[in-house]
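Enquirer: Encoded as structure tokens, here's the structure I'll be asking about.
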Amino acid sequence: MKRRLGCGAVLLAVLALPVVLLAVAAAHNTRPKAPPMQTVGQVAGIPQRMLSAYHNAAARLPREAPSCRGLTWAVLAGIARIESNHATGRTISPRGDITPRILGPLLNGSGVGGNTTAFPDTDDGRWDGSVAAERAVGPFQFLPSTWTTSGRDGNDDQTADPHNADDAALGAAVYLCGRGRNLTDHTQLRAAIFQYNHSDAYVNDVLSWIDRYSQLATGQIPIGQPATGTARTVIAAALAQRGTPYSWGGGNAQGPSTGICCSPSGKSGTQIVGFDCSGLALYAYAQVGIRLPRTAAQQAGAGTRIPASAGVGALKPGDLVFFAFDPTSDSTIHHVGIYLGNNQMINAARPGTLVRTEPLWDHGYAGGTRLL
């Protein structure tokens, strides 16, 4: 069996630096431009990938509905809590695709689910899998006929899919905003929710959840420059692995895996399912079809090198960043992370730690590599 290597030929022992979390109130970016990619903290009961989709939609909304006011992540979370319980129990990919699909009852007038009005099929079963009648679809339970006008591409993959978390959240934001509501006004907010579902009980349930979520602050790390397309997918894939254990030699294109023995400090990964630094990079880039070599030093030569002399300002989100004993010699590279912007990276730092975000290390910086 061919021996797999860990992050590099050697591993630098470093002290764990604290993750920087900025506590922010629930608010949206009103600047009409592409929003920066953000990673959000934990909110009880909401899968982190769904929470990210709500924040993303609120930030992107000014481009879609510039006259709308007051659409926050908490409004979207309140709707999604009632419609699908935030897609809990489903698998949500780094791109935001939800499997298995969330499908409501067949709206054929049978009375199942409380619906006595028949809704004829409008999408030839594309979204709801039925040509007999309509079904509500996705985490925000859109009717296909409504999705035709409100659906949006929230993850920049050139497709508006109601079964995608980012697309569905942005579509819901557009639908709630109508022709330019001010959702900070309670009357207009009620009207928007009532439009979503013509039930006063529904409106009251959603408002109660909005109130709960609005009282929460989330941990956010702004990531600086906009990250879109494949860079966004790479970053989302890596961020989804936060909290996964470090495992020397662990990680492959499919995800975390059992590692090998042993790191220079004698730590074995043979009993740990997780990632080492280069394994995490290999996995994240595999999600966009890029095959990386296994070790950090090898990965440095896989794309266009960005020399350390160019400074951190030359980096873009999604670039690989490297650290070496001798920053002028790629052969001494021992560590790799994925750049997030704003001087932050995500990495599997060393044995005994978890995959985490943290500031770029201030020692041994050896530049980056751009593959996107």
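Starting from 1 in every chain, residues are counted up; chains themselves are A, B, ... following the order of the structure tokens, and ligands are numbered from 1 as listed.
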For stretch 159-162 of chain A, find every residue with an atom within 8 Å (counting only C-alpha atoms), except residues of its own chain fewer than 2 positions away, and show them as a list in words.

Expert: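 These residues fall inside the cut-off: Trp127, Val137, Gly138, Pro139, Phe140, Phe142, Trp147, Gly151, Arg152, Asp153, Gly154, Asp156, Asp157, Asn164, Ala165, Asp167 and Ala168 of chain A.
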
Enquirer: Those selected residues, please, written with all heavy atoms and delivered as a tab-separated table (two decimals), in the first residue's frame.

Expert:
```
chain	number	residue	atom	x	y	z
A	127	TRP	N	-40.13	20.70	-10.95
A	127	TRP	CA	-39.72	20.98	-9.58
A	127	TRP	C	-40.43	20.10	-8.56
A	127	TRP	O	-39.88	19.79	-7.51
A	127	TRP	CB	-39.97	22.44	-9.22
A	127	TRP	CG	-39.26	23.43	-10.08
A	127	TRP	CD1	-39.80	24.44	-10.81
A	127	TRP	CD2	-37.85	23.52	-10.29
A	127	TRP	NE1	-38.83	25.14	-11.47
A	127	TRP	CE2	-37.61	24.61	-11.16
A	127	TRP	CE3	-36.75	22.79	-9.83
A	127	TRP	CZ2	-36.34	24.97	-11.59
A	127	TRP	CZ3	-35.48	23.15	-10.25
A	127	TRP	CH2	-35.28	24.23	-11.11
A	137	VAL	N	-42.78	23.28	-2.98
A	137	VAL	CA	-41.46	22.66	-3.07
A	137	VAL	C	-40.40	23.47	-2.31
A	137	VAL	O	-40.50	24.69	-2.18
A	137	VAL	CB	-41.02	22.51	-4.54
A	137	VAL	CG1	-41.97	21.60	-5.29
A	137	VAL	CG2	-40.93	23.87	-5.24
A	138	GLY	N	-39.39	22.76	-1.82
A	138	GLY	CA	-38.21	23.39	-1.25
A	138	GLY	C	-38.40	23.86	0.18
A	138	GLY	O	-39.49	23.76	0.75
A	139	PRO	N	-37.35	24.42	0.78
A	139	PRO	CA	-37.40	24.82	2.18
A	139	PRO	C	-38.35	25.99	2.44
A	139	PRO	O	-38.76	26.20	3.58
A	139	PRO	CB	-35.95	25.22	2.48
A	139	PRO	CG	-35.39	25.62	1.15
A	139	PRO	CD	-36.03	24.68	0.16
A	140	PHE	N	-38.70	26.75	1.38
A	140	PHE	CA	-39.64	27.85	1.54
A	140	PHE	C	-40.99	27.53	0.92
A	140	PHE	O	-41.86	28.39	0.84
A	140	PHE	CB	-39.06	29.14	0.96
A	140	PHE	CG	-38.04	29.79	1.85
A	140	PHE	CD1	-36.70	29.41	1.78
A	140	PHE	CD2	-38.39	30.77	2.77
A	140	PHE	CE1	-35.75	29.99	2.62
A	140	PHE	CE2	-37.46	31.35	3.60
A	140	PHE	CZ	-36.13	30.96	3.53
A	142	PHE	N	-42.39	26.92	-2.12
A	142	PHE	CA	-42.93	27.66	-3.24
A	142	PHE	C	-43.81	26.76	-4.10
A	142	PHE	O	-43.46	25.61	-4.36
A	142	PHE	CB	-41.80	28.19	-4.12
A	142	PHE	CG	-41.22	29.50	-3.67
A	142	PHE	CD1	-40.06	29.53	-2.91
A	142	PHE	CD2	-41.83	30.69	-4.02
A	142	PHE	CE1	-39.52	30.74	-2.50
A	142	PHE	CE2	-41.30	31.90	-3.62
A	142	PHE	CZ	-40.14	31.93	-2.86
A	147	TRP	N	-42.76	30.32	-8.21
A	147	TRP	CA	-41.31	30.32	-8.43
A	147	TRP	C	-40.95	30.89	-9.81
A	147	TRP	O	-39.91	31.51	-9.99
A	147	TRP	CB	-40.76	28.92	-8.28
A	147	TRP	CG	-39.26	28.85	-8.38
A	147	TRP	CD1	-38.53	28.37	-9.42
A	147	TRP	CD2	-38.32	29.32	-7.41
A	147	TRP	NE1	-37.18	28.50	-9.16
A	147	TRP	CE2	-37.04	29.08	-7.93
A	147	TRP	CE3	-38.46	29.91	-6.16
A	147	TRP	CZ2	-35.88	29.41	-7.23
A	147	TRP	CZ3	-37.30	30.24	-5.46
A	147	TRP	CH2	-36.04	30.00	-5.99
A	151	GLY	N	-38.50	33.27	-8.40
A	151	GLY	CA	-37.26	32.51	-8.25
A	151	GLY	C	-36.03	33.32	-8.64
A	151	GLY	O	-36.06	34.10	-9.60
A	152	ARG	N	-34.95	33.14	-7.90
A	152	ARG	CA	-33.70	33.85	-8.15
A	152	ARG	C	-32.51	32.90	-7.99
A	152	ARG	O	-32.58	31.90	-7.26
A	152	ARG	CB	-33.52	35.02	-7.16
A	152	ARG	CG	-34.54	36.16	-7.32
A	152	ARG	CD	-34.41	36.87	-8.65
A	152	ARG	NE	-35.24	38.05	-8.74
A	152	ARG	CZ	-36.53	38.06	-9.11
A	152	ARG	NH1	-37.13	36.90	-9.40
A	152	ARG	NH2	-37.20	39.19	-9.17
A	153	ASP	N	-31.42	33.25	-8.65
A	153	ASP	CA	-30.16	32.50	-8.53
A	153	ASP	C	-29.35	33.12	-7.39
A	153	ASP	O	-28.72	34.15	-7.56
A	153	ASP	CB	-29.39	32.57	-9.85
A	153	ASP	CG	-28.03	31.91	-9.78
A	153	ASP	OD1	-27.78	31.16	-8.81
A	153	ASP	OD2	-27.21	32.15	-10.69
A	154	GLY	N	-29.38	32.48	-6.25
A	154	GLY	CA	-28.71	33.04	-5.07
A	154	GLY	C	-27.30	32.56	-4.85
A	154	GLY	O	-26.61	33.06	-3.97
A	156	ASP	N	-25.10	31.94	-7.68
A	156	ASP	CA	-24.31	32.26	-8.88
A	156	ASP	C	-23.92	31.04	-9.70
A	156	ASP	O	-22.82	30.97	-10.25
A	156	ASP	CB	-23.04	33.04	-8.50
A	156	ASP	CG	-23.36	34.35	-7.82
A	156	ASP	OD1	-24.24	35.08	-8.30
A	156	ASP	OD2	-22.73	34.66	-6.79
A	157	ASP	N	-24.84	30.05	-9.79
A	157	ASP	CA	-24.54	28.89	-10.63
A	157	ASP	C	-25.36	28.90	-11.92
A	157	ASP	O	-25.44	27.90	-12.62
A	157	ASP	CB	-24.75	27.59	-9.87
A	157	ASP	CG	-26.23	27.34	-9.51
A	157	ASP	OD1	-27.07	28.24	-9.76
A	157	ASP	OD2	-26.52	26.26	-8.98
A	164	ASN	N	-32.66	24.65	-3.78
A	164	ASN	CA	-31.35	25.14	-3.35
A	164	ASN	C	-31.55	26.17	-2.25
A	164	ASN	O	-32.38	27.09	-2.40
A	164	ASN	CB	-30.60	25.74	-4.53
A	164	ASN	CG	-29.26	26.31	-4.14
A	164	ASN	OD1	-29.17	27.46	-3.68
A	164	ASN	ND2	-28.21	25.53	-4.30
A	165	ALA	N	-30.82	26.06	-1.15
A	165	ALA	CA	-31.01	26.94	0.00
A	165	ALA	C	-30.82	28.41	-0.36
A	165	ALA	O	-31.63	29.27	0.02
A	165	ALA	CB	-30.07	26.54	1.13
A	167	ASP	N	-30.87	29.90	-3.40
A	167	ASP	CA	-31.85	30.36	-4.38
A	167	ASP	C	-33.21	30.57	-3.72
A	167	ASP	O	-33.89	31.59	-3.94
A	167	ASP	CB	-32.00	29.35	-5.51
A	167	ASP	CG	-30.73	29.18	-6.33
A	167	ASP	OD1	-29.74	29.90	-6.06
A	167	ASP	OD2	-30.71	28.32	-7.23
A	168	ALA	N	-33.63	29.59	-2.91
A	168	ALA	CA	-34.95	29.66	-2.29
A	168	ALA	C	-35.05	30.84	-1.32
A	168	ALA	O	-36.07	31.54	-1.27
A	168	ALA	CB	-35.26	28.35	-1.56
```

Enquirer: Using DSSP on the backbone coordinates, identify all residues within stretch 100-283 of chain A classified as alpha helix (DSSP H); present the result as a ChimeraX atom specification.

Expert: /A:144-150,165-177,186-196,200-214,229-239,277-283

Enquirer: From a backbone DSSP assignment, name each residue in stretch 76-246 of chain A labelled strand (DSSP E), as a list in words.

Expert: Thr91, Ile92, Ile98, Thr99, Ala217, Thr218, Gly219, Gln220, Ile221 and Pro222 of chain A

Enquirer: With N, CA and C atoms retained, write the just-selected residues as a short mmCIF file (atom, residue, chain, number, x, y, z; two decimals), in the first residue's frame.

Expert:
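File selection.cif, as written:
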```cif
data_model
loop_
_atom_site.label_atom_id
_atom_site.label_comp_id
_atom_site.auth_asym_id
_atom_site.auth_seq_id
_atom_site.Cartn_x
_atom_site.Cartn_y
_atom_site.Cartn_z
N THR A 91 -29.91 16.67 3.78
CA THR A 91 -28.51 16.95 3.52
C THR A 91 -28.42 18.22 2.68
N ILE A 92 -27.58 19.16 3.10
CA ILE A 92 -27.42 20.42 2.38
C ILE A 92 -25.96 20.49 1.92
N ILE A 98 -30.36 20.81 -1.60
CA ILE A 98 -31.00 20.07 -0.51
C ILE A 98 -31.51 18.73 -1.02
N THR A 99 -31.09 17.65 -0.36
CA THR A 99 -31.55 16.32 -0.72
C THR A 99 -31.91 15.54 0.54
N ALA A 217 -28.01 37.60 18.47
CA ALA A 217 -26.88 38.05 17.67
C ALA A 217 -26.19 36.79 17.16
N THR A 218 -25.59 36.87 16.00
CA THR A 218 -24.87 35.73 15.47
C THR A 218 -23.40 36.06 15.40
N GLY A 219 -22.56 35.03 15.53
CA GLY A 219 -21.14 35.25 15.33
C GLY A 219 -20.87 35.35 13.84
N GLN A 220 -20.31 36.44 13.40
CA GLN A 220 -20.00 36.61 11.99
C GLN A 220 -18.55 36.99 11.81
N ILE A 221 -17.95 36.45 10.78
CA ILE A 221 -16.61 36.85 10.38
C ILE A 221 -16.70 37.41 8.98
N PRO A 222 -16.63 38.74 8.81
CA PRO A 222 -16.68 39.27 7.45
C PRO A 222 -15.47 38.80 6.66
#
```

Enquirer: Given only C-alpha atoms, how would the per-residue table for stretch 161-227 of chain A near stretch 57-69 of chain A read, listing every residue at most 8 Å away with its closest atom pair and distance in Å to one decimal, sorted by chain and number, as CSV?

Expert:
```
residue,atom,partner,partner_atom,distance
A:Asp166,CA,A:Ala57,CA,6.8
A:Ala169,CA,A:Ala57,CA,5.8
A:Leu170,CA,A:Ala57,CA,4.5
A:Ala173,CA,A:Ala57,CA,6.9
A:Val174,CA,A:Ala65,CA,6.6
A:Cys177,CA,A:Cys68,CA,5.7
A:Arg179,CA,A:Cys68,CA,7.6
A:Gly180,CA,A:Cys68,CA,4.3
A:Arg181,CA,A:Cys68,CA,5.2
A:Asn182,CA,A:Arg69,CA,4.5
A:Leu183,CA,A:Arg69,CA,5.8
A:Thr184,CA,A:Arg69,CA,6.9
```

Enquirer: Using C-alpha atoms, can you write the selected residues to a file as a short mmCIF file (atom, residue, chain, number, x, y, z; two decimals), in the first residue's frame?

Expert:
```cif
data_model
loop_
_atom_site.label_atom_id
_atom_site.label_comp_id
_atom_site.auth_asym_id
_atom_site.auth_seq_id
_atom_site.Cartn_x
_atom_site.Cartn_y
_atom_site.Cartn_z
CA ASP A 166 -29.47 30.12 -1.43
CA ALA A 169 -34.01 32.17 0.43
CA LEU A 170 -33.37 34.94 -2.10
CA ALA A 173 -36.97 37.65 0.10
CA VAL A 174 -38.02 38.99 -3.30
CA CYS A 177 -40.74 42.50 -0.57
CA ARG A 179 -43.12 46.07 -5.06
CA GLY A 180 -41.09 47.70 -2.33
CA ARG A 181 -42.43 47.08 1.15
CA ASN A 182 -40.93 48.55 4.31
CA LEU A 183 -40.80 45.47 6.51
CA THR A 184 -39.71 47.50 9.53
#
```

Enquirer: If you take only C-alpha atoms and a cut-off of 7 Å, which residues of stretch 60-131 of chain A touch stretch 193-209 of chain A, and what are their nearest atom pairs and distances in Å to one decimal, in chain and number order, as a tab-separated table?

Expert:
```
residue	atom	partner	partner_atom	distance
A:Gly78	CA	A:Trp209	CA	4.9
A:Ile79	CA	A:Val206	CA	5.8
A:Ile82	CA	A:Val206	CA	6.7
```

Enquirer: Save the residues we just selected, N, CA, C and O atoms, as a tab-separated table (two decimals), in the first residue's frame?

Expert:
```tsv
chain	number	residue	atom	x	y	z
A	78	GLY	N	-37.90	33.03	10.12
A	78	GLY	CA	-39.24	32.81	10.64
A	78	GLY	C	-40.13	32.07	9.65
A	78	GLY	O	-40.88	31.16	10.03
A	79	ILE	N	-40.05	32.45	8.37
A	79	ILE	CA	-40.82	31.76	7.33
A	79	ILE	C	-40.36	30.31	7.20
A	79	ILE	O	-41.17	29.37	7.20
A	82	ILE	N	-41.44	27.69	9.87
A	82	ILE	CA	-42.78	27.13	9.74
A	82	ILE	C	-42.90	26.25	8.50
A	82	ILE	O	-43.54	25.20	8.53
```

Enquirer: Interatomic distance between atom CA of A:Arg294 and atom CA of A:Ser278?

Expert: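 Atom-to-atom, atom CA of A:Arg294 to atom CA of A:Ser278, that is 6.3 Å.
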
Enquirer: What does the distance between atom CA of A:Val312 and atom CA of A:Thr328 come to in Å, to one decimal place?

Expert: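 Result for atom CA of A:Val312 versus atom CA of A:Thr328: 15.5 Å, one decimal.
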
Enquirer: One decimal, in Å: what's the spacing between atom CA of A:Thr72 and atom CA of A:Val43?

Expert: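 According to the coordinates, atom CA of A:Thr72 and atom CA of A:Val43 are separated by 14.8 Å.
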
Enquirer: Show which residues sit within 6 Å of stretch 337-354 of chain A, as JSON, numbers by chain. Count only C-alpha atoms, and ignore same-chain residues fewer than 6 positions away.

Expert: {"A": [223, 224, 243, 244, 245, 246, 276, 277, 317, 318, 319, 320, 321, 360]}
